[in-house]
$ cat upload-v6.cif   # mmCIF, C-alpha atoms
data_structure
#
loop_
_atom_site.label_atom_id
_atom_site.label_comp_id
_atom_site.auth_asym_id
_atom_site.auth_seq_id
_atom_site.Cartn_x
_atom_site.Cartn_y
_atom_site.Cartn_z
CA MET J 1 -64.43 -102.87 1.95
CA ASN J 2 -61.80 -100.27 2.62
CA THR J 3 -62.32 -97.09 4.56
CA ARG J 4 -62.75 -94.96 1.44
CA ASN J 5 -65.71 -97.01 0.18
CA ILE J 6 -67.37 -96.96 3.56
CA PHE J 7 -66.90 -93.20 3.75
CA LEU J 8 -68.50 -92.82 0.31
CA MET J 9 -71.44 -94.91 1.48
CA ASN J 10 -71.70 -92.66 4.53
CA LEU J 11 -71.82 -89.58 2.27
CA ILE J 12 -74.54 -91.17 0.11
CA LEU J 13 -76.58 -91.97 3.23
CA GLY J 14 -76.28 -88.34 4.26
CA VAL J 15 -77.42 -87.06 0.84
CA VAL J 16 -80.37 -89.47 0.77
CA TRP J 17 -81.44 -88.50 4.28
CA GLY J 18 -81.16 -84.80 3.44
CA ALA J 19 -83.14 -85.22 0.17
CA LEU J 20 -86.00 -86.97 1.99
CA GLN J 21 -86.58 -84.04 4.38
CA GLU J 22 -89.19 -81.35 3.74
CA ASN J 23 -86.63 -78.65 3.01
CA ILE J 24 -83.26 -79.52 1.58
CA THR J 25 -80.78 -78.03 4.06
CA ALA J 26 -77.19 -78.61 4.96
CA SER J 27 -78.12 -79.57 8.50
CA GLY J 28 -80.44 -82.27 7.12
CA PHE J 29 -77.43 -83.69 5.32
CA LEU J 30 -75.37 -83.45 8.51
CA THR J 31 -78.01 -85.32 10.50
CA GLY J 32 -78.08 -88.07 7.89
CA PHE J 33 -74.31 -88.21 7.86
CA VAL J 34 -74.12 -88.62 11.64
CA LEU J 35 -76.86 -91.27 11.68
CA GLY J 36 -75.21 -93.13 8.81
CA PHE J 37 -71.90 -92.90 10.65
CA LEU J 38 -73.46 -94.53 13.73
CA VAL J 39 -74.95 -97.37 11.68
CA LEU J 40 -71.77 -97.97 9.66
CA SER J 41 -69.55 -97.94 12.73
CA VAL J 42 -71.69 -100.72 14.18
CA ILE J 43 -71.42 -102.76 10.98
CA TYR J 44 -67.74 -102.24 10.12
CA ARG J 45 -65.22 -102.64 12.88
CA GLY J 46 -62.59 -99.91 12.95
CA TYR J 47 -64.46 -97.37 10.83
CA ALA J 48 -65.46 -95.21 13.80
CA GLY J 49 -61.87 -95.22 15.07
CA THR J 50 -60.49 -94.03 11.74
CA ILE J 51 -63.01 -91.22 11.24
CA LEU J 52 -62.74 -90.05 14.86
CA GLY J 53 -58.96 -90.17 14.47
CA ILE J 54 -59.16 -87.87 11.43
CA PHE J 55 -61.38 -85.44 13.35
CA GLY J 56 -59.04 -85.59 16.34
CA TYR J 57 -56.11 -84.83 14.03
CA ILE J 58 -57.93 -81.80 12.56
CA ILE J 59 -58.69 -80.48 16.06
CA PHE J 60 -55.08 -81.05 17.10
CA MET J 61 -53.87 -79.16 13.98
CA VAL J 62 -56.18 -76.19 14.61
CA TRP J 63 -55.04 -75.97 18.21
CA SER J 64 -51.33 -76.18 17.40
CA ILE J 65 -51.70 -73.62 14.58
CA ILE J 66 -53.32 -71.13 16.97
CA VAL J 67 -50.72 -71.65 19.72
CA ALA J 68 -47.79 -71.42 17.32
CA SER J 69 -49.22 -68.31 15.62
CA PHE J 70 -49.01 -66.46 18.89
CA GLN J 71 -45.38 -67.56 19.29
CA VAL J 72 -44.48 -66.32 15.79
CA ALA J 73 -46.36 -63.06 16.45
CA GLY J 74 -44.26 -62.68 19.59
CA TYR J 75 -41.02 -63.08 17.62
CA VAL J 76 -42.15 -60.65 14.93
CA LEU J 77 -43.25 -57.95 17.37
CA SER J 78 -40.34 -58.22 19.81
CA PRO J 79 -38.01 -55.18 19.62
CA GLN J 80 -34.92 -57.24 18.78
CA PRO J 81 -36.05 -60.47 17.05
CA LYS J 82 -33.77 -63.24 18.31
CA LEU J 83 -33.96 -65.73 15.48
CA ASP J 84 -32.04 -68.97 15.34
CA GLN J 85 -32.84 -70.34 11.93
CA GLY J 86 -31.78 -73.73 10.73
CA ILE J 87 -32.67 -76.60 8.44
CA VAL J 88 -33.03 -79.94 10.21
CA GLU J 89 -33.37 -83.36 8.61
CA VAL J 90 -36.13 -85.54 10.01
CA PRO J 91 -35.94 -89.25 9.16
CA LEU J 92 -39.30 -90.47 7.90
CA ASP J 93 -41.22 -93.51 9.08
CA VAL J 94 -44.16 -92.71 6.84
CA ARG J 95 -43.93 -94.48 3.49
CA SER J 96 -46.83 -93.74 1.16
CA ASP J 97 -47.20 -90.52 -0.83
CA LEU J 98 -50.40 -89.56 0.99
CA GLU J 99 -48.81 -89.88 4.43
CA THR J 100 -45.75 -87.90 3.35
CA ALA J 101 -47.90 -85.16 1.82
CA ILE J 102 -50.05 -84.86 4.94
CA LEU J 103 -46.99 -84.75 7.18
CA ALA J 104 -45.22 -82.13 5.07
CA SER J 105 -48.35 -79.97 4.78
CA SER J 106 -49.01 -80.17 8.51
CA ILE J 107 -45.47 -79.10 9.29
CA THR J 108 -45.70 -76.19 6.87
CA LEU J 109 -49.09 -75.11 8.25
CA THR J 110 -47.78 -74.91 11.78
CA PRO J 111 -46.16 -71.49 12.10
CA GLY J 112 -42.46 -71.61 12.87
CA THR J 113 -41.65 -74.60 10.67
CA ILE J 114 -41.60 -75.09 6.89
CA SER J 115 -40.94 -78.40 5.20
CA ILE J 116 -38.68 -77.70 2.27
CA HIS J 117 -37.69 -80.91 0.57
CA VAL J 118 -38.03 -84.67 0.75
CA GLY J 119 -34.72 -86.24 -0.06
CA ARG J 120 -32.10 -88.71 1.05
CA ASN J 121 -29.28 -87.97 3.45
CA GLN J 122 -25.77 -89.36 3.29
CA ASP J 123 -26.81 -92.68 4.81
CA GLY J 124 -29.47 -93.08 2.13
CA GLU J 125 -32.35 -92.63 4.55
CA ARG J 126 -35.50 -90.93 3.34
CA VAL J 127 -35.63 -87.63 5.18
CA LEU J 128 -37.74 -84.49 5.29
CA TYR J 129 -35.87 -81.19 5.50
CA VAL J 130 -37.61 -78.80 7.89
CA HIS J 131 -36.71 -75.15 8.23
CA ASN J 132 -37.19 -73.72 11.72
CA LEU J 133 -37.56 -70.08 12.62
CA VAL J 134 -36.28 -70.63 16.17
CA MET J 135 -34.48 -73.91 16.27
CA GLY J 136 -32.79 -74.66 19.57
CA ASP J 137 -31.55 -78.23 19.73
CA PRO J 138 -31.86 -80.16 16.41
CA ASP J 139 -32.51 -83.46 18.17
CA GLU J 140 -35.30 -81.89 20.16
CA VAL J 141 -36.88 -80.62 16.93
CA ARG J 142 -36.68 -84.11 15.41
CA ARG J 143 -38.23 -85.71 18.48
CA THR J 144 -41.06 -83.17 18.62
CA ILE J 145 -41.98 -83.63 14.96
CA LYS J 146 -41.87 -87.40 15.17
CA ARG J 147 -43.88 -87.50 18.37
CA GLU J 148 -46.43 -84.79 17.65
CA PHE J 149 -47.15 -85.22 13.95
CA GLU J 150 -45.85 -88.48 12.55
CA ARG J 151 -47.15 -90.72 15.32
CA ARG J 152 -50.65 -89.26 15.04
CA ILE J 153 -50.71 -89.66 11.25
CA LEU J 154 -49.50 -93.25 11.46
CA ARG J 155 -52.09 -94.02 14.10
CA VAL J 156 -54.84 -92.87 11.74
CA THR J 157 -53.56 -94.36 8.48
CA ARG J 158 -52.36 -97.70 9.82
CA GLY J 159 -54.38 -98.04 13.00
CA GLY J 160 -57.95 -98.67 11.91
CA VAL J 161 -58.07 -102.05 10.21
CA ILE J 162 -61.32 -102.61 8.34
CA VAL J 163 -62.90 -106.04 7.96
CA MET V 1 -74.19 -56.00 22.25
CA THR V 2 -75.33 -59.55 22.11
CA LEU V 3 -73.02 -62.52 22.52
CA GLY V 4 -73.05 -63.09 18.77
CA GLU V 5 -71.91 -59.56 18.03
CA ILE V 6 -69.16 -59.78 20.62
CA SER V 7 -67.86 -63.00 19.08
CA ILE V 8 -67.96 -61.43 15.59
CA VAL V 9 -65.96 -58.42 16.79
CA LEU V 10 -63.46 -60.63 18.62
CA LEU V 11 -62.98 -62.90 15.61
CA SER V 12 -62.42 -60.04 13.18
CA ALA V 13 -60.07 -58.29 15.61
CA PHE V 14 -58.11 -61.55 15.91
CA GLY V 15 -57.98 -61.82 12.12
CA VAL V 16 -56.89 -58.24 11.57
CA PHE V 17 -54.22 -58.57 14.26
CA PHE V 18 -52.65 -61.59 12.59
CA MET V 19 -52.74 -60.03 9.12
CA LEU V 20 -51.03 -56.96 10.56
CA VAL V 21 -48.40 -59.16 12.21
CA SER V 22 -47.83 -60.91 8.91
CA ALA V 23 -47.35 -57.57 7.11
CA ILE V 24 -44.96 -56.29 9.79
CA GLY V 25 -43.05 -59.56 9.68
CA ILE V 26 -42.49 -59.34 5.93
CA VAL V 27 -40.91 -55.93 6.41
CA ARG V 28 -38.92 -56.61 9.57
CA LEU V 29 -37.52 -60.12 9.30
CA PRO V 30 -34.10 -60.52 7.71
CA ASP V 31 -34.19 -63.16 4.95
CA VAL V 32 -36.30 -65.24 2.56
CA PHE V 33 -37.21 -68.07 4.91
CA SER V 34 -38.19 -65.98 7.89
CA ARG V 35 -40.31 -63.78 5.65
CA MET V 36 -41.95 -66.90 4.28
CA HIS V 37 -42.83 -67.81 7.86
CA ALA V 38 -44.41 -64.43 8.44
CA GLY V 39 -46.19 -64.10 5.11
CA GLY V 40 -47.43 -67.62 4.68
CA LYS V 41 -48.55 -68.57 8.15
CA ALA V 42 -49.77 -65.69 10.20
CA SER V 43 -52.01 -64.74 7.32
CA THR V 44 -53.62 -68.23 7.26
CA VAL V 45 -54.90 -67.71 10.78
CA GLY V 46 -55.90 -64.15 9.97
CA ILE V 47 -57.87 -65.05 6.84
CA SER V 48 -59.60 -67.99 8.57
CA ALA V 49 -60.68 -65.85 11.51
CA MET V 50 -62.05 -63.14 9.20
CA LEU V 51 -63.92 -65.69 7.07
CA LEU V 52 -65.47 -67.18 10.22
CA ALA V 53 -66.47 -63.71 11.37
CA ALA V 54 -68.11 -63.05 7.98
CA GLY V 55 -69.92 -66.38 8.22
CA PHE V 56 -71.32 -65.48 11.64
CA TYR V 57 -72.25 -61.96 10.54
CA PHE V 58 -74.39 -62.99 7.55
CA PHE V 59 -75.99 -65.70 9.60
CA ASP V 60 -77.00 -67.96 6.76
CA GLU V 61 -76.57 -71.71 6.89
CA PHE V 62 -75.21 -72.30 3.40
CA LEU V 63 -72.96 -69.26 3.55
CA PHE V 64 -71.46 -70.55 6.79
CA TYR V 65 -70.68 -73.95 5.25
CA ARG V 66 -69.20 -72.14 2.27
CA MET V 67 -66.88 -70.27 4.63
CA LEU V 68 -65.82 -73.57 6.23
CA LEU V 69 -65.16 -74.97 2.75
CA LEU V 70 -63.10 -71.91 1.85
CA ILE V 71 -61.01 -72.34 4.99
CA ALA V 72 -60.47 -76.02 4.21
CA LEU V 73 -59.37 -75.21 0.65
CA LEU V 74 -57.05 -72.50 1.95
CA PHE V 75 -55.45 -74.92 4.36
CA ALA V 76 -55.08 -77.53 1.63
CA THR V 77 -53.36 -75.27 -0.89
CA LEU V 78 -51.37 -72.69 1.07
CA PRO V 79 -48.67 -74.97 2.53
CA ILE V 80 -47.87 -76.33 -0.94
CA ALA V 81 -47.17 -72.84 -2.24
CA THR V 82 -45.06 -71.98 0.81
CA SER V 83 -43.03 -75.19 0.56
CA ALA V 84 -42.51 -74.78 -3.18
CA MET V 85 -41.34 -71.18 -2.83
CA SER V 86 -38.96 -72.01 0.03
CA ARG V 87 -37.53 -74.92 -1.91
CA ALA V 88 -37.03 -72.74 -4.98
CA ALA V 89 -35.39 -70.11 -2.79
CA TYR V 90 -33.05 -72.70 -1.29
CA LEU V 91 -32.09 -74.35 -4.58
CA THR V 92 -31.66 -71.29 -6.78
CA GLY V 93 -32.03 -68.09 -4.85
CA PRO V 94 -29.54 -65.90 -3.07
CA ILE V 95 -30.17 -67.13 0.49
CA LYS V 96 -28.13 -65.39 3.12
CA ARG V 97 -26.01 -68.10 4.69
CA LYS V 98 -25.22 -66.06 7.77
CA HIS V 99 -28.83 -66.37 8.94
CA LEU V 100 -28.77 -70.16 8.76
CA ASN V 101 -27.15 -71.52 11.88
CA HIS V 102 -27.62 -75.15 10.99
CA ASP V 103 -28.08 -76.72 7.57
CA ASP V 104 -28.60 -80.44 7.18
CA MET V 105 -29.81 -80.02 3.62
CA ALA V 106 -26.29 -79.30 2.40
CA ASN V 107 -25.63 -83.04 2.81
CA ASP V 108 -28.60 -84.06 0.70
CA ILE V 109 -27.62 -86.57 -1.96
CA SER V 110 -30.91 -86.79 -3.84
CA ARG V 111 -30.29 -83.56 -5.70
CA LYS V 112 -27.15 -84.93 -7.32
CA GLN V 113 -28.68 -88.24 -8.37
CA PRO V 114 -32.39 -87.73 -8.89
CA THR V 115 -34.25 -90.66 -7.37
CA GLY V 116 -37.57 -90.78 -5.58
#
$ encode --input "upload-v6.cif" --output "structure tokens"
Amino acid sequence: MNTRNIFLMNLILGVVWGALQENITASGFLTGFVLGFLVLSVIYRGYAGTILGIFGYIIFMVWSIIVASFQVAGYVLSPQPKLDQGIVEVPLDVRSDLETAILASSITLTPGTISIHVGRNQDGERVLYVHNLVMGDPDEVRRTIKREFERRILRVTRGGVIV
Amino acid sequence: MTLGEISIVLLSAFGVFFMLVSAIGIVRLPDVFSRMHAGGKASTVGISAMLLAAGFYFFDEFLFYRMLLLIALLFATLPIATSAMSRAAYLTGPIKRKHLNHDDMANDISRKQPTG
């Protein structure tokens, strides 16, 4: 069974648990979902790691969006905005469409960076073009994106191996 | 004021502040891309904070989950629009080169020979 099927089963367990309560509420569904998650993570090795990884990634995204929003607000409200805009190519280690889409969306969601295009550079590598509001050193930008975003995505999508 | 009311006021103040910043940014910043940064991003945080505040104010379970769902949908769709508009601006629009200090995308070969 792959992770998607197990997750569907987890959702069904939540719905069944919620439907068997006296009143049908969303928190009844949540309780069933959590209980089903506990049971399924005992049965299938690696399922808990994957789901917790996804939650950890969401929390990391929310935190970095909030921090970066304050930085962009600082640039916008400063009397003389000192912008240093530039488009940087980031070589991609992610391969599948889903991973690329998640990476590009995450970069665009974080204020200060927009992913513009997925293309190939002169060496034929698959690269993501990222526009930065305040760039600094291009290599530093590349390292940050690869370390902060790509490594976390790869850890979730390729880390949890399901029996 | 109770703790709940204080958190509602703080959340909506946070939201209004970021929407104001986004509006100011669209007026003040110099070119397409930097305006995209201001308009597309600061407003995401602003809208999410205001939706959360509304969810806390009408303290109803299903309404609160609906707000969370709205925020999730917003976060799923907004970056696609921003990326698409920036890409269109780069490929066709009159971007001001003097604001771009560094441009790796000029070396892109996939636009000349369309492959995946």
$ resolve_selection --input "upload-v6.cif" --expression "the PyMOL selection byres ((chain J) within 10 of (chain V))" --output "number ranges by chain"
J: 25-27, 62, 65-66, 68-70, 72-77, 81, 83-90, 101-102, 104-124, 126-135, 138
$ resolve_selection --input "upload-v6.cif" --expression "the PyMOL selection byres ((chain V and resi 9-16) around 6)" --output "list in words"
Ile6, Ser7, Ile8, Phe17, Phe18, Met19, Gly46, Ala49, Met50 and Ala53 of chain V
$ atom_distance --input "upload-v6.cif" --atom1 "CA of Asn10 in chain J" --atom2 "CA of Phe33 in chain J"
6.1 Å
$ atom_distance --input "upload-v6.cif" --atom1 "CA of Leu92 in chain J" --atom2 "CA of Glu125 in chain J"
8.0 Å
$ atom_distance --input "upload-v6.cif" --atom1 "CA of Ser48 in chain V" --atom2 "CA of Leu69 in chain V"
10.7 Å
$ residues_around --input "upload-v6.cif" --residues "Ile54 in chain J" --least-positions-apart "3" --cutoff "10 Å" --atoms "only C-alpha atoms" --output "list of chain:residue names"
J:Ala48, J:Gly49, J:Thr50, J:Ile51, J:Tyr57, J:Ile58, J:Ile59, J:Phe60, J:Arg152, J:Ile153, J:Arg155, J:Val156, J:Thr157
$ write_last_selection --input "upload-v6.cif" --atoms "C-alpha atoms" --output "tab-separated table (two decimals), in the frame of the given file"
chain	number	residue	atom	x	y	z
J	48	ALA	CA	-65.46	-95.21	13.80
J	49	GLY	CA	-61.87	-95.22	15.07
J	50	THR	CA	-60.49	-94.03	11.74
J	51	ILE	CA	-63.01	-91.22	11.24
J	57	TYR	CA	-56.11	-84.83	14.03
J	58	ILE	CA	-57.93	-81.80	12.56
J	59	ILE	CA	-58.69	-80.48	16.06
J	60	PHE	CA	-55.08	-81.05	17.10
J	152	ARG	CA	-50.65	-89.26	15.04
J	153	ILE	CA	-50.71	-89.66	11.25
J	155	ARG	CA	-52.09	-94.02	14.10
J	156	VAL	CA	-54.84	-92.87	11.74
J	157	THR	CA	-53.56	-94.36	8.48
$ resolve_selection --input "upload-v6.cif" --expression "the PyMOL selection byres ((chain V and resi 57) around 10)" --output "list in words"
Gly4, Glu5, Ser7, Ile8, Val9, Leu51, Leu52, Ala53, Ala54, Gly55, Phe56, Phe58, Phe59, Asp60 and Phe64 of chain V
$ closest_residue --input "upload-v6.cif" --among "J:Val39, J:Leu154, J:Leu103, J:Leu30" --to "Gly18 in chain J" --atoms "all atoms listed in the file"
J:Leu30
$ closest_residue --input "upload-v6.cif" --among "J:Leu38, J:Ile145, J:Leu20, J:Leu11" --to "Asp93 in chain J" --atoms "all atoms listed in the file"
J:Ile145
